[in-house]
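S.K.: Take a look at final_20.csv, CSV, C-alpha atoms:
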chain,number,residue,atom,x,y,z
C,1,MET,CA,37.7,40.2,-47.8
C,2,ARG,CA,41.1,41.1,-46.2
C,3,LEU,CA,40.3,44.8,-46.3
C,4,LEU,CA,36.9,44.2,-44.7
C,5,THR,CA,38.3,42.0,-42.0
C,6,ARG,CA,41.0,44.6,-41.2
C,7,SER,CA,38.5,47.4,-40.9
C,8,VAL,CA,36.4,45.3,-38.5
C,9,LEU,CA,39.5,44.4,-36.5
C,10,LEU,CA,40.6,48.0,-36.1
C,11,ALA,CA,37.2,49.0,-35.0
C,12,ALA,CA,36.5,46.1,-32.7
C,13,THR,CA,39.8,46.2,-30.9
C,14,THR,CA,39.4,49.8,-30.0
C,15,THR,CA,35.7,49.7,-29.0
C,16,ALA,CA,34.0,46.3,-28.7
C,17,LEU,CA,36.8,44.6,-26.7
C,18,VAL,CA,37.0,47.5,-24.3
C,19,ALA,CA,33.6,46.5,-23.2
C,20,ALA,CA,34.1,42.9,-23.0
C,21,ALA,CA,61.4,41.3,-23.3
C,22,THR,CA,62.6,40.0,-22.7
C,23,SER,CA,64.2,42.8,-24.6
C,24,ALA,CA,62.9,43.0,-28.1
C,25,TYR,CA,65.4,40.7,-29.6
C,26,ALA,CA,65.5,36.9,-28.9
C,27,VAL,CA,67.0,35.7,-25.7
C,28,SER,CA,66.7,32.5,-23.8
C,29,PRO,CA,64.5,32.7,-20.8
C,30,GLY,CA,67.5,31.5,-18.7
C,31,SER,CA,68.5,28.3,-17.2
C,32,PRO,CA,65.7,25.9,-16.4
C,33,GLY,CA,64.4,26.6,-12.9
C,34,ARG,CA,61.5,25.6,-10.7
C,35,ASP,CA,58.0,25.9,-12.1
C,36,ALA,CA,55.1,26.8,-9.9
C,37,PRO,CA,52.8,24.0,-8.9
C,38,ALA,CA,49.7,23.5,-11.1
C,39,GLY,CA,46.2,23.9,-9.7
C,40,ALA,CA,45.1,26.1,-6.9
C,41,GLU,CA,48.6,27.4,-6.0
C,42,VAL,CA,48.7,29.1,-9.4
C,43,THR,CA,46.6,31.9,-7.8
C,44,ALA,CA,49.9,33.1,-6.3
C,45,TYR,CA,50.4,34.8,-9.7
C,46,GLY,CA,49.1,38.3,-10.1
C,47,TRP,CA,49.6,41.7,-11.7
C,48,SER,CA,50.8,44.9,-9.9
C,49,VAL,CA,49.3,47.6,-12.2
C,50,THR,CA,51.4,50.8,-12.6
C,51,PRO,CA,49.8,54.2,-13.3
C,52,THR,CA,50.7,55.5,-16.7
C,53,GLY,CA,48.6,58.7,-16.6
C,54,THR,CA,46.8,58.0,-19.9
C,55,THR,CA,43.9,56.0,-21.2
C,56,GLU,CA,45.5,55.0,-24.6
C,57,ARG,CA,45.5,51.3,-25.5
C,58,PHE,CA,49.0,49.8,-25.4
C,59,ARG,CA,49.3,46.8,-27.6
C,60,GLY,CA,53.0,47.5,-28.2
C,61,LEU,CA,55.2,46.4,-25.3
C,62,ALA,CA,59.0,46.2,-25.0
C,63,PRO,CA,60.4,45.7,-21.5
C,64,VAL,CA,64.2,45.7,-21.4
C,65,SER,CA,64.6,44.8,-17.7
C,66,ARG,CA,62.8,45.1,-14.4
C,67,ASP,CA,63.5,48.8,-14.5
C,68,VAL,CA,63.2,49.8,-18.2
C,69,ALA,CA,60.2,49.3,-20.4
C,70,TRP,CA,58.5,50.9,-23.4
C,71,VAL,CA,54.9,50.8,-24.5
C,72,SER,CA,53.2,52.0,-27.7
C,73,GLY,CA,49.6,52.4,-28.7
C,74,THR,CA,46.8,54.4,-30.0
C,75,ASN,CA,47.0,58.1,-31.2
C,76,GLY,CA,50.7,57.8,-31.9
C,77,THR,CA,51.6,57.3,-28.2
C,78,VAL,CA,54.9,56.0,-26.9
C,79,LEU,CA,55.8,55.9,-23.1
C,80,ARG,CA,59.0,54.9,-21.4
C,81,THR,CA,59.8,54.1,-17.8
C,82,THR,CA,63.3,53.7,-16.2
C,83,ASP,CA,62.2,53.1,-12.6
C,84,GLY,CA,60.1,49.9,-12.9
C,85,GLY,CA,56.9,51.7,-13.8
C,86,ARG,CA,56.7,54.1,-10.8
C,87,THR,CA,56.8,56.9,-13.3
C,88,TRP,CA,56.3,57.1,-17.1
C,89,SER,CA,57.6,59.7,-19.6
C,90,ASP,CA,55.7,60.5,-22.8
C,91,VAL,CA,58.3,60.1,-25.6
C,92,SER,CA,55.8,60.0,-28.5
C,93,PRO,CA,57.2,61.2,-31.9
C,94,GLU,CA,56.5,64.8,-32.6
C,95,GLY,CA,56.3,66.6,-35.9
C,96,LEU,CA,56.2,63.5,-38.1
C,97,GLY,CA,52.5,63.2,-38.8
C,98,THR,CA,52.0,60.2,-36.5
C,99,ASP,CA,49.5,61.6,-34.1
C,100,ALA,CA,46.6,59.5,-35.4
C,101,LEU,CA,48.6,56.3,-36.1
C,102,GLN,CA,48.3,53.1,-34.1
C,103,PHE,CA,51.7,51.9,-32.8
C,104,ARG,CA,50.9,48.2,-32.5
C,105,ASP,CA,54.5,46.9,-32.0
C,106,ILE,CA,57.6,48.3,-30.3
C,107,GLU,CA,61.0,46.7,-29.9
C,108,ALA,CA,63.6,48.1,-27.5
C,109,PHE,CA,67.2,47.2,-26.6
C,110,ASP,CA,68.0,49.6,-23.8
C,111,ALA,CA,66.7,52.9,-22.3
C,112,ARG,CA,67.7,54.8,-25.4
C,113,HIS,CA,67.3,52.7,-28.5
C,114,ALA,CA,63.8,51.6,-29.7
C,115,VAL,CA,61.9,50.9,-32.9
C,116,VAL,CA,58.2,51.3,-33.3
C,117,LEU,CA,55.8,50.1,-36.0
C,118,SER,CA,52.4,51.6,-36.9
C,119,ILE,CA,49.8,49.5,-38.7
C,120,GLY,CA,47.3,50.3,-41.4
C,121,GLU,CA,46.6,50.2,-45.1
C,122,GLY,CA,49.2,51.8,-47.4
C,123,THR,CA,51.2,54.6,-45.9
C,124,ASP,CA,49.8,54.1,-42.4
C,125,SER,CA,52.3,51.2,-42.0
C,126,ARG,CA,55.5,52.9,-40.9
C,127,ILE,CA,58.6,52.3,-38.8
C,128,LEU,CA,60.4,54.9,-36.7
C,129,ALA,CA,63.6,54.6,-34.7
C,130,THR,CA,65.1,56.5,-31.7
C,131,ASP,CA,68.6,56.5,-30.3
C,132,ASP,CA,68.1,59.1,-27.6
C,133,GLY,CA,65.3,57.6,-25.4
C,134,GLY,CA,62.5,59.0,-27.5
C,135,ALA,CA,63.7,62.7,-27.5
C,136,SER,CA,63.8,62.4,-31.2
C,137,TRP,CA,62.6,59.9,-33.8
C,138,THR,CA,63.4,59.2,-37.4
C,139,GLU,CA,61.1,57.6,-39.9
C,140,SER,CA,63.0,54.7,-41.4
C,141,PHE,CA,60.3,52.9,-43.4
C,142,ARG,CA,57.0,53.9,-45.0
C,143,ASN,CA,54.9,51.4,-46.9
C,144,THR,CA,53.9,52.6,-50.4
C,145,ASP,CA,52.1,49.4,-51.6
C,146,ALA,CA,48.4,49.8,-51.2
C,147,ALA,CA,48.1,46.0,-51.0
C,148,ALA,CA,50.4,45.7,-47.9
C,149,PHE,CA,49.4,45.9,-44.3
C,150,TYR,CA,52.3,45.5,-41.8
C,151,ASP,CA,51.4,43.7,-38.5
C,152,CYS,CA,54.5,42.8,-36.4
C,153,MET,CA,58.3,43.1,-36.0
C,154,ALA,CA,60.8,40.7,-34.5
C,155,PHE,CA,64.5,41.3,-33.7
C,156,SER,CA,67.1,38.5,-33.3
C,157,SER,CA,69.8,40.9,-32.1
C,158,PRO,CA,69.9,44.7,-31.5
C,159,ARG,CA,70.8,45.2,-35.1
C,160,ARG,CA,69.0,42.4,-37.0
C,161,GLY,CA,65.2,42.4,-37.4
C,162,LEU,CA,62.2,41.7,-39.6
C,163,ALA,CA,58.9,43.3,-40.1
C,164,MET,CA,56.0,41.5,-41.8
C,165,SER,CA,53.0,42.4,-43.9
C,166,ASP,CA,49.9,40.4,-44.7
C,167,PRO,CA,50.2,38.6,-48.0
C,168,VAL,CA,51.0,40.6,-51.1
C,169,ASP,CA,50.8,38.7,-54.5
C,170,GLY,CA,50.0,35.6,-52.6
C,171,ARG,CA,52.8,35.5,-50.0
C,172,PHE,CA,53.4,37.1,-46.6
C,173,ARG,CA,55.8,40.0,-47.2
C,174,LEU,CA,58.9,40.7,-45.1
C,175,VAL,CA,61.3,43.6,-44.9
C,176,GLU,CA,64.6,43.4,-43.0
C,177,THR,CA,67.1,45.6,-41.2
C,178,SER,CA,70.7,45.0,-40.3
C,179,ASP,CA,71.3,48.4,-38.6
C,180,GLY,CA,69.0,48.4,-35.7
C,181,GLY,CA,65.9,49.6,-37.6
C,182,HIS,CA,67.4,52.6,-39.3
C,183,SER,CA,67.0,51.2,-42.8
C,184,TRP,CA,64.9,48.4,-44.3
C,185,SER,CA,64.9,46.4,-47.5
C,186,LEU,CA,62.5,43.8,-49.0
C,187,VAL,CA,63.2,40.1,-48.4
C,188,ASP,CA,63.1,38.0,-51.5
C,189,PRO,CA,59.6,36.4,-51.3
C,190,ALA,CA,60.7,33.2,-53.2
C,191,GLY,CA,61.5,31.4,-49.9
C,192,MET,CA,58.0,32.1,-48.4
C,193,PRO,CA,55.3,29.4,-49.0
C,194,GLU,CA,52.1,30.6,-50.7
C,195,ALA,CA,49.4,31.9,-48.5
C,196,LYS,CA,45.9,30.5,-48.6
C,197,ALA,CA,43.0,32.6,-49.9
C,198,GLY,CA,41.9,34.8,-47.0
C,199,GLU,CA,45.0,34.1,-44.8
C,200,PHE,CA,46.4,37.0,-42.9
C,201,ALA,CA,48.1,37.9,-39.5
C,202,PHE,CA,46.7,39.7,-36.5
C,203,ALA,CA,48.3,43.0,-35.4
C,204,ALA,CA,47.1,42.5,-31.8
C,205,SER,CA,50.3,42.4,-29.6
C,206,GLY,CA,53.3,42.5,-31.9
C,207,THR,CA,53.8,38.7,-31.5
C,208,CYS,CA,52.4,37.3,-34.7
C,209,LEU,CA,56.1,37.4,-35.7
C,210,SER,CA,58.6,36.1,-33.1
C,211,ALA,CA,62.4,35.6,-33.2
C,212,GLY,CA,63.9,32.5,-31.6
C,213,VAL,CA,67.4,31.2,-31.0
C,214,GLY,CA,69.9,30.3,-33.7
C,215,GLY,CA,68.3,32.3,-36.5
C,216,ARG,CA,64.9,30.9,-36.0
C,217,THR,CA,61.8,33.0,-36.7
C,218,TYR,CA,58.1,32.2,-36.4
C,219,LEU,CA,55.1,33.7,-38.1
C,220,VAL,CA,51.5,32.8,-37.3
C,221,SER,CA,48.3,33.3,-39.2
C,222,GLY,CA,44.5,33.4,-39.1
C,223,GLY,CA,41.7,33.9,-41.5
C,224,VAL,CA,41.8,30.3,-42.6
C,225,ASP,CA,40.9,27.1,-40.8
C,226,PRO,CA,43.1,25.7,-39.4
C,227,ALA,CA,45.4,28.5,-38.5
C,228,ARG,CA,49.0,28.0,-39.5
C,229,VAL,CA,52.6,28.4,-38.2
C,230,PHE,CA,55.4,29.3,-40.5
C,231,THR,CA,59.0,28.6,-39.4
C,232,SER,CA,62.4,29.8,-40.7
C,233,THR,CA,65.8,28.7,-39.5
C,234,ASP,CA,67.8,31.2,-41.5
C,235,HIS,CA,66.6,34.6,-40.3
C,236,GLY,CA,63.6,34.7,-42.6
C,237,ARG,CA,65.2,33.6,-45.9
C,238,THR,CA,63.3,30.4,-46.3
C,239,TRP,CA,60.2,29.0,-44.6
C,240,THR,CA,58.3,25.8,-43.9
C,241,VAL,CA,54.6,25.9,-42.8
C,242,ALA,CA,52.5,23.6,-40.6
C,243,ASP,CA,48.8,23.4,-39.8
C,244,SER,CA,47.9,23.9,-36.2
C,245,PRO,CA,45.0,22.7,-34.0
C,246,VAL,CA,44.0,26.3,-33.4
C,247,ALA,CA,40.7,27.2,-35.1
C,248,GLY,CA,40.7,29.9,-37.7
C,249,GLY,CA,38.1,32.1,-39.4
C,250,ALA,CA,37.3,35.6,-40.5
C,251,SER,CA,38.2,37.0,-37.0
C,252,ALA,CA,40.0,33.9,-35.6
C,253,GLY,CA,43.3,32.2,-35.6
C,254,ILE,CA,46.7,32.4,-33.9
C,255,PHE,CA,47.5,35.8,-32.4
C,256,SER,CA,50.8,35.0,-30.7
C,257,VAL,CA,53.7,32.6,-30.9
C,258,SER,CA,56.4,32.2,-28.3
C,259,PHE,CA,59.3,29.7,-28.0
C,260,ARG,CA,61.3,28.7,-24.9
C,261,ASP,CA,64.2,27.3,-26.9
C,262,ALA,CA,64.7,25.7,-30.3
C,263,ARG,CA,62.2,23.0,-29.7
C,264,ARG,CA,59.6,24.1,-27.1
C,265,GLY,CA,56.9,26.6,-28.1
C,266,VAL,CA,53.3,27.7,-27.6
C,267,ILE,CA,50.7,29.4,-29.7
C,268,VAL,CA,47.6,31.1,-28.4
C,269,GLY,CA,44.7,32.9,-30.1
C,270,GLY,CA,41.0,32.4,-30.6
C,271,ASP,CA,38.3,34.7,-32.0
C,272,PHE,CA,38.6,38.4,-31.1
C,273,ALA,CA,34.8,38.8,-31.9
C,274,ALA,CA,34.1,36.2,-29.1
C,275,PRO,CA,36.6,37.3,-26.4
C,276,THR,CA,35.4,34.7,-23.8
C,277,GLY,CA,35.5,31.8,-26.2
C,278,ALA,CA,37.8,29.0,-24.9
C,279,VAL,CA,37.7,26.3,-27.6
C,280,ASP,CA,40.8,25.3,-29.6
C,281,ASN,CA,42.7,28.5,-28.8
C,282,ALA,CA,46.1,27.1,-27.7
C,283,ALA,CA,48.6,24.5,-28.7
C,284,TRP,CA,52.2,23.5,-27.9
C,285,THR,CA,55.1,21.9,-29.7
C,286,ASP,CA,58.3,20.1,-28.6
C,287,ASP,CA,59.8,19.6,-32.1
C,288,GLY,CA,60.5,23.1,-33.1
C,289,GLY,CA,57.1,23.7,-34.7
C,290,ALA,CA,57.1,20.8,-37.1
C,291,THR,CA,53.9,19.5,-35.4
C,292,TRP,CA,51.5,21.0,-32.9
C,293,THR,CA,49.3,19.5,-30.2
C,294,LYS,CA,46.2,21.2,-28.8
C,295,SER,CA,46.1,22.0,-25.1
C,296,THR,CA,44.1,19.7,-22.9
C,297,SER,CA,42.7,22.7,-21.0
C,298,ASN,CA,42.6,26.1,-22.7
C,299,PRO,CA,43.1,29.7,-21.7
C,300,SER,CA,39.7,31.0,-20.6
C,301,GLY,CA,39.1,33.2,-23.6
C,302,TYR,CA,40.7,34.8,-26.7
C,303,ARG,CA,44.3,35.5,-26.0
C,304,SER,CA,46.5,37.9,-27.9
C,305,GLY,CA,49.8,37.7,-26.2
C,306,SER,CA,52.1,35.0,-24.7
C,307,ALA,CA,55.6,34.8,-23.1
C,308,TRP,CA,57.7,32.2,-21.3
C,309,VAL,CA,58.6,33.1,-17.7
C,310,PRO,CA,62.4,33.4,-17.2
C,311,ARG,CA,64.2,31.0,-14.9
C,312,THR,CA,61.5,28.4,-15.3
C,313,ALA,CA,61.5,25.3,-17.5
C,314,ARG,CA,57.9,25.1,-18.5
C,315,THR,CA,56.0,28.2,-17.3
C,316,VAL,CA,54.2,30.3,-19.9
C,317,LEU,CA,51.8,33.3,-19.6
C,318,ALA,CA,48.9,34.2,-21.9
C,319,VAL,CA,46.9,37.4,-21.8
C,320,GLY,CA,43.8,38.8,-23.5
C,321,PRO,CA,40.9,41.2,-22.8
C,322,SER,CA,39.1,38.7,-20.6
C,323,GLY,CA,42.0,37.8,-18.4
C,324,SER,CA,45.4,36.1,-17.9
C,325,ASP,CA,46.3,32.5,-17.8
C,326,VAL,CA,49.4,30.5,-16.8
C,327,SER,CA,50.7,27.1,-17.9
C,328,THR,CA,53.3,25.3,-15.8
C,329,ASP,CA,53.6,22.3,-18.2
C,330,GLY,CA,54.8,24.0,-21.4
C,331,GLY,CA,51.3,24.9,-22.7
C,332,ARG,CA,49.7,21.5,-22.3
C,333,SER,CA,47.2,22.9,-19.7
C,334,TRP,CA,46.2,26.4,-18.6
C,335,SER,CA,44.8,28.0,-15.5
C,336,THR,CA,43.3,31.5,-15.1
C,337,PHE,CA,44.9,33.7,-12.4
C,338,ASP,CA,43.5,37.2,-13.3
C,339,THR,CA,40.4,38.6,-15.0
C,340,GLY,CA,41.7,42.1,-15.9
C,341,SER,CA,42.2,43.1,-19.5
C,342,PHE,CA,45.7,43.0,-21.1
C,343,ASP,CA,46.7,42.7,-24.8
C,344,SER,CA,50.5,42.0,-24.6
C,345,VAL,CA,52.9,40.3,-22.3
C,346,GLU,CA,56.7,40.1,-22.4
C,347,CYS,CA,59.4,38.9,-20.0
C,348,THR,CA,63.0,40.1,-19.5
C,349,ALA,CA,66.2,38.2,-19.0
C,350,ASP,CA,66.5,39.5,-15.4
C,351,GLY,CA,63.2,37.8,-14.5
C,352,ALA,CA,60.6,40.5,-14.8
C,353,CYS,CA,57.3,40.0,-16.8
C,354,TRP,CA,55.3,43.0,-18.0
C,355,ALA,CA,51.8,43.3,-19.5
C,356,SER,CA,50.0,46.1,-21.3
C,357,GLY,CA,46.6,46.9,-22.7
C,358,GLU,CA,43.5,49.1,-22.8
C,359,GLN,CA,42.9,52.2,-20.7
C,360,GLY,CA,46.6,52.7,-20.2
C,361,ARG,CA,47.0,49.5,-18.2
C,362,VAL,CA,50.5,48.3,-17.6
C,363,GLY,CA,51.3,45.6,-15.1
C,364,VAL,CA,54.3,43.8,-13.6
C,365,LEU,CA,53.9,40.1,-12.7
C,366,THR,CA,54.0,39.2,-9.0
C,367,ARG,CA,54.6,35.6,-7.9
Translate this structure into C-alpha cells?

M.R.:
Amino acid sequence: MRLLTRSVLLAATTTALVAAATSAYAVSPGSPGRDAPAGAEVTAYGWSVTPTGTTERFRGLAPVSRDVAWVSGTNGTVLRTTDGGRTWSDVSPEGLGTDALQFRDIEAFDARHAVVLSIGEGTDSRILATDDGGASWTESFRNTDAAAFYDCMAFSSPRRGLAMSDPVDGRFRLVETSDGGHSWSLVDPAGMPEAKAGEFAFAASGTCLSAGVGGRTYLVSGGVDPARVFTSTDHGRTWTVADSPVAGGASAGIFSVSFRDARRGVIVGGDFAAPTGAVDNAAWTDDGGATWTKSTSNPSGYRSGSAWVPRTARTVLAVGPSGSDVSTDGGRSWSTFDTGSFDSVECTADGACWASGEQGRVGVLTR
C-alpha cells in the first residue's frame, strides 16, 4: 500500500496539483515582536515573485538571509541566488547521474555550503553536499534498502543533522551526520516508537522533519487517521508520539511541522488529492507537542509548508497549491492572503520569508 501511495503522490504532485531559513538549521525566529492585526488588515501580506528562468517545481527551499537562498526540485535542479532573488545561478550537480532525480529537500548554511536530498524508492534516495556554492557536489549517501524511501532532512547546527525515511521494519528510519552532511550513519531504531500499519511521511516541502531548539526534533506522519506527531528532545535518539486533530488517510495527514520555541508549534496538512479541502488541516500546541488543538478556522486548502515569521511572537505562514495563509495567533485561526501556488515556505533570522513551488515560482514576503 505504501508503494502504491508513493507512486500516486509522485505523479499527482507533478501533474494534478499543477492544474489545481531561516537557514536550514534551527534558529529562534528572534525576540518577540509585534504581530499584524487579524482580519482584513492581513491582506497587507503578499508575495513578490522573483524570476528564476525555469519551469521546474521547487519543493526544496533553503533561504539563508534576505540575500542568499537555494532552491531544489525536479530533474535534478538546484538554483542559488546571492542578490535577494534578482538573479539566479543554476548550480545543479553534473556528472553524478542525478538529472532525473527529484530534489525535495535542501538545507543551506551560507552561500557556499548546502546539502540536498533526492527522494524515491531504493537508490533514488540520495544526499549530496557542496562546499563551493554548487560548483561541485559530492554524493555522501545513497540508500541501498529497497524498503526505504527518504522524505526530509533537518539540521540543528551547520554540522549536525538528520534525514528520515518512511518506516522500515515497522519504524521510521533515521540517518545522522555530524560533519555537515559529508557522511551519514544509521540511528539506532530502538528509540523510535512503532509505526502504525500504513503510516508514512510526505516528501512535499522538506518539513515533515523539523529541528527545534535545545536538541528537539519533530517528525510528522500521514496515511493513518489521526495523523501523528513524533517528538525527540535528544537529537533523534529517543522519541515520544502524540495523536493530532489533523485528519489522515491514503493521501492525507500532516505535511509540515514548525516550532517557534520549545513550547509553541503548528502543524499543517490536509489531503493532496483534494487541494482546496479545508477541514481539520491545521493544529497548534503550547506544551511542546505533548498535546495538539485543532485550529478554529483553517487554512483554505491543503497546505504543504509552514514557517514562523521572525521578530513576531505569534505569526505563522502556511502555503500550498491553492494559496497562502497567515495566522497571527499562533495557529489558532488562519486567514488567506494570496491564491498563488507555492509548496514550501521558510524564513531567515534577518527577517526575510521565502516561498517556492511549481513552474519555477519563488517569492519573497512583503508586509

S.K.: Which is closest to Leu79 (chain C) among C:Arg361, C:Arg367, C:Lys294, C:Arg171, if we use only C-alpha atoms?

M.R.: C:Arg361

S.K.: Determine, counting only C-alpha atoms, which protein, DNA and RNA residues have an atom within 12 Å of an atom of region 232-236 of chain C; residues of the same chain fewer than 6 positions away are not included. Present the result as an MDAnalysis selection string.

M.R.: chainID C and resid 26 153:157 160:164 172:178 186:193 209:220 242 262:263 288:290

S.K.: Would you output that residue set with C-alpha atoms, as a CSV table (one decimal), keeping the file's coordinate frame?

M.R.:
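Result file selection38.csv:
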chain,number,residue,atom,x,y,z
C,26,ALA,CA,65.5,36.9,-28.9
C,153,MET,CA,58.3,43.1,-36.0
C,154,ALA,CA,60.8,40.7,-34.5
C,155,PHE,CA,64.5,41.3,-33.7
C,156,SER,CA,67.1,38.5,-33.3
C,157,SER,CA,69.8,40.9,-32.1
C,160,ARG,CA,69.0,42.4,-37.0
C,161,GLY,CA,65.2,42.4,-37.4
C,162,LEU,CA,62.2,41.7,-39.6
C,163,ALA,CA,58.9,43.3,-40.1
C,164,MET,CA,56.0,41.5,-41.8
C,172,PHE,CA,53.4,37.1,-46.6
C,173,ARG,CA,55.8,40.0,-47.2
C,174,LEU,CA,58.9,40.7,-45.1
C,175,VAL,CA,61.3,43.6,-44.9
C,176,GLU,CA,64.6,43.4,-43.0
C,177,THR,CA,67.1,45.6,-41.2
C,178,SER,CA,70.7,45.0,-40.3
C,186,LEU,CA,62.5,43.8,-49.0
C,187,VAL,CA,63.2,40.1,-48.4
C,188,ASP,CA,63.1,38.0,-51.5
C,189,PRO,CA,59.6,36.4,-51.3
C,190,ALA,CA,60.7,33.2,-53.2
C,191,GLY,CA,61.5,31.4,-49.9
C,192,MET,CA,58.0,32.1,-48.4
C,193,PRO,CA,55.3,29.4,-49.0
C,209,LEU,CA,56.1,37.4,-35.7
C,210,SER,CA,58.6,36.1,-33.1
C,211,ALA,CA,62.4,35.6,-33.2
C,212,GLY,CA,63.9,32.5,-31.6
C,213,VAL,CA,67.4,31.2,-31.0
C,214,GLY,CA,69.9,30.3,-33.7
C,215,GLY,CA,68.3,32.3,-36.5
C,216,ARG,CA,64.9,30.9,-36.0
C,217,THR,CA,61.8,33.0,-36.7
C,218,TYR,CA,58.1,32.2,-36.4
C,219,LEU,CA,55.1,33.7,-38.1
C,220,VAL,CA,51.5,32.8,-37.3
C,242,ALA,CA,52.5,23.6,-40.6
C,262,ALA,CA,64.7,25.7,-30.3
C,263,ARG,CA,62.2,23.0,-29.7
C,288,GLY,CA,60.5,23.1,-33.1
C,289,GLY,CA,57.1,23.7,-34.7
C,290,ALA,CA,57.1,20.8,-37.1

S.K.: Enter the distance from CA of Ser251 (chain C) to CA of Phe272 (chain C), in Å, rounded to one decimal.

M.R.: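 So the answer is 6.1 Å.
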
S.K.: Tell me which residues come within 9 Å of (47.4, 54.2, -46.8), as a PDB file with C-alpha atoms, in the coordinates of the input, counting only C-alpha atoms in the file's coordinates.

M.R.:
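And here's part33.pdb as it stands now:
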ATOM      1  CA  GLY C 120      47.300  50.300 -41.400  1.00  0.00           C
ATOM      2  CA  GLU C 121      46.600  50.200 -45.100  1.00  0.00           C
ATOM      3  CA  GLY C 122      49.200  51.800 -47.400  1.00  0.00           C
ATOM      4  CA  THR C 123      51.200  54.600 -45.900  1.00  0.00           C
ATOM      5  CA  ASP C 124      49.800  54.100 -42.400  1.00  0.00           C
ATOM      6  CA  SER C 125      52.300  51.200 -42.000  1.00  0.00           C
ATOM      7  CA  ASN C 143      54.900  51.400 -46.900  1.00  0.00           C
ATOM      8  CA  THR C 144      53.900  52.600 -50.400  1.00  0.00           C
ATOM      9  CA  ASP C 145      52.100  49.400 -51.600  1.00  0.00           C
ATOM     10  CA  ALA C 146      48.400  49.800 -51.200  1.00  0.00           C
ATOM     11  CA  PHE C 149      49.400  45.900 -44.300  1.00  0.00           C
TER      12      PHE C 149
END

S.K.: Which one is closest to Arg126 (chain C): C:Gly95, C:Pro158, C:Gly181, C:Gly46? Count all atoms listed in the file.

M.R.: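 Going through C:Gly95, C:Pro158, C:Gly181, C:Gly46 one by one, the smallest distance to Arg126 (chain C) is for C:Gly181.
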
S.K.: Would you mind telling me which residue in C:Gly97, C:Trp308, C:Val316, C:Gly265 lies nearest to Thr293 (chain C) when using only C-alpha atoms?

M.R.: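 Result for the nearest residue to Thr293 (chain C): C:Gly265.
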
S.K.: For Ala247 (chain C), please output as a list in words all residues within 12 Å (counting all atoms listed in the file; exclusion window: fewer than 6 positions along the same chain).

M.R.: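 Counting only the stated atoms, we get Ser221, Gly222, Gly223, Val224, Asp225, Pro226, Ala227, Arg228, Gly253, Ile254, Phe255, Ile267, Val268, Gly269, Gly270, Asp271, Gly277, Ala278, Val279, Asp280, Asn281, Ala282, Ala283, Lys294 and Tyr302 of chain C.
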
S.K.: Can you pull out the residues contacting Ala62 (chain C)? Cut-off 10 Å, using all atoms listed in the file, and skip same-chain residues under 4 positions away; I want them as a list in words.

M.R.: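 Neighbouring residues, sequence-local ones excluded: Ala21, Thr22, Ser23, Ala24, Tyr25, Val68, Ala69, Trp70, Val71, Ser72, Arg80, Asp105, Ile106, Glu107, Ala108, Phe109, Asp110, Ala114, Val115, Val116, Gly206, Ser344, Val345, Glu346, Cys347, Thr348, Trp354, Ala355 and Ser356 of chain C.
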
S.K.: Can you tell me how far CA of Pro245 (chain C) sits from CA of Ile119 (chain C), in Å to one decimal?

M.R.: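 For CA of Pro245 (chain C) relative to CA of Ile119 (chain C), the distance reads 27.6 Å.
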
S.K.: Could you rebuild region 142-151 of chain C with N, CA, C and O atoms and give me the result as a PDB file, keeping the file's coordinate frame?

M.R.:
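Result file is result_14.pdb:
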ATOM      1  N   ARG C 142      58.380  53.618 -44.756  1.00  0.00           N
ATOM      2  CA  ARG C 142      57.000  53.900 -45.000  1.00  0.00           C
ATOM      3  C   ARG C 142      56.487  53.064 -46.140  1.00  0.00           C
ATOM      4  O   ARG C 142      57.039  53.108 -47.237  1.00  0.00           O
ATOM      5  N   ASN C 143      55.460  52.275 -45.886  1.00  0.00           N
ATOM      6  CA  ASN C 143      54.900  51.400 -46.900  1.00  0.00           C
ATOM      7  C   ASN C 143      54.263  52.237 -48.017  1.00  0.00           C
ATOM      8  O   ASN C 143      53.509  53.165 -47.745  1.00  0.00           O
ATOM      9  N   THR C 144      54.546  51.883 -49.266  1.00  0.00           N
ATOM     10  CA  THR C 144      53.900  52.600 -50.400  1.00  0.00           C
ATOM     11  C   THR C 144      53.084  51.666 -51.259  1.00  0.00           C
ATOM     12  O   THR C 144      52.570  52.106 -52.288  1.00  0.00           O
ATOM     13  N   ASP C 145      52.949  50.409 -50.844  1.00  0.00           N
ATOM     14  CA  ASP C 145      52.100  49.400 -51.600  1.00  0.00           C
ATOM     15  C   ASP C 145      50.754  49.390 -50.973  1.00  0.00           C
ATOM     16  O   ASP C 145      50.605  48.981 -49.814  1.00  0.00           O
ATOM     17  N   ALA C 146      49.737  49.768 -51.730  1.00  0.00           N
ATOM     18  CA  ALA C 146      48.400  49.800 -51.200  1.00  0.00           C
ATOM     19  C   ALA C 146      47.896  48.421 -50.778  1.00  0.00           C
ATOM     20  O   ALA C 146      46.964  48.303 -49.971  1.00  0.00           O
ATOM     21  N   ALA C 147      48.512  47.367 -51.306  1.00  0.00           N
ATOM     22  CA  ALA C 147      48.100  46.000 -51.000  1.00  0.00           C
ATOM     23  C   ALA C 147      48.711  45.488 -49.683  1.00  0.00           C
ATOM     24  O   ALA C 147      48.308  44.442 -49.178  1.00  0.00           O
ATOM     25  N   ALA C 148      49.690  46.205 -49.136  1.00  0.00           N
ATOM     26  CA  ALA C 148      50.400  45.700 -47.900  1.00  0.00           C
ATOM     27  C   ALA C 148      49.792  46.308 -46.679  1.00  0.00           C
ATOM     28  O   ALA C 148      49.271  47.422 -46.665  1.00  0.00           O
ATOM     29  N   PHE C 149      49.889  45.548 -45.601  1.00  0.00           N
ATOM     30  CA  PHE C 149      49.400  45.900 -44.300  1.00  0.00           C
ATOM     31  C   PHE C 149      50.372  45.289 -43.282  1.00  0.00           C
ATOM     32  O   PHE C 149      50.347  44.074 -43.080  1.00  0.00           O
ATOM     33  N   TYR C 150      51.245  46.084 -42.663  1.00  0.00           N
ATOM     34  CA  TYR C 150      52.300  45.500 -41.800  1.00  0.00           C
ATOM     35  C   TYR C 150      51.692  45.323 -40.381  1.00  0.00           C
ATOM     36  O   TYR C 150      50.945  46.157 -39.868  1.00  0.00           O
ATOM     37  N   ASP C 151      52.047  44.180 -39.771  1.00  0.00           N
ATOM     38  CA  ASP C 151      51.400  43.700 -38.500  1.00  0.00           C
ATOM     39  C   ASP C 151      52.399  43.703 -37.337  1.00  0.00           C
ATOM     40  O   ASP C 151      52.027  44.081 -36.229  1.00  0.00           O
TER      41      ASP C 151
END
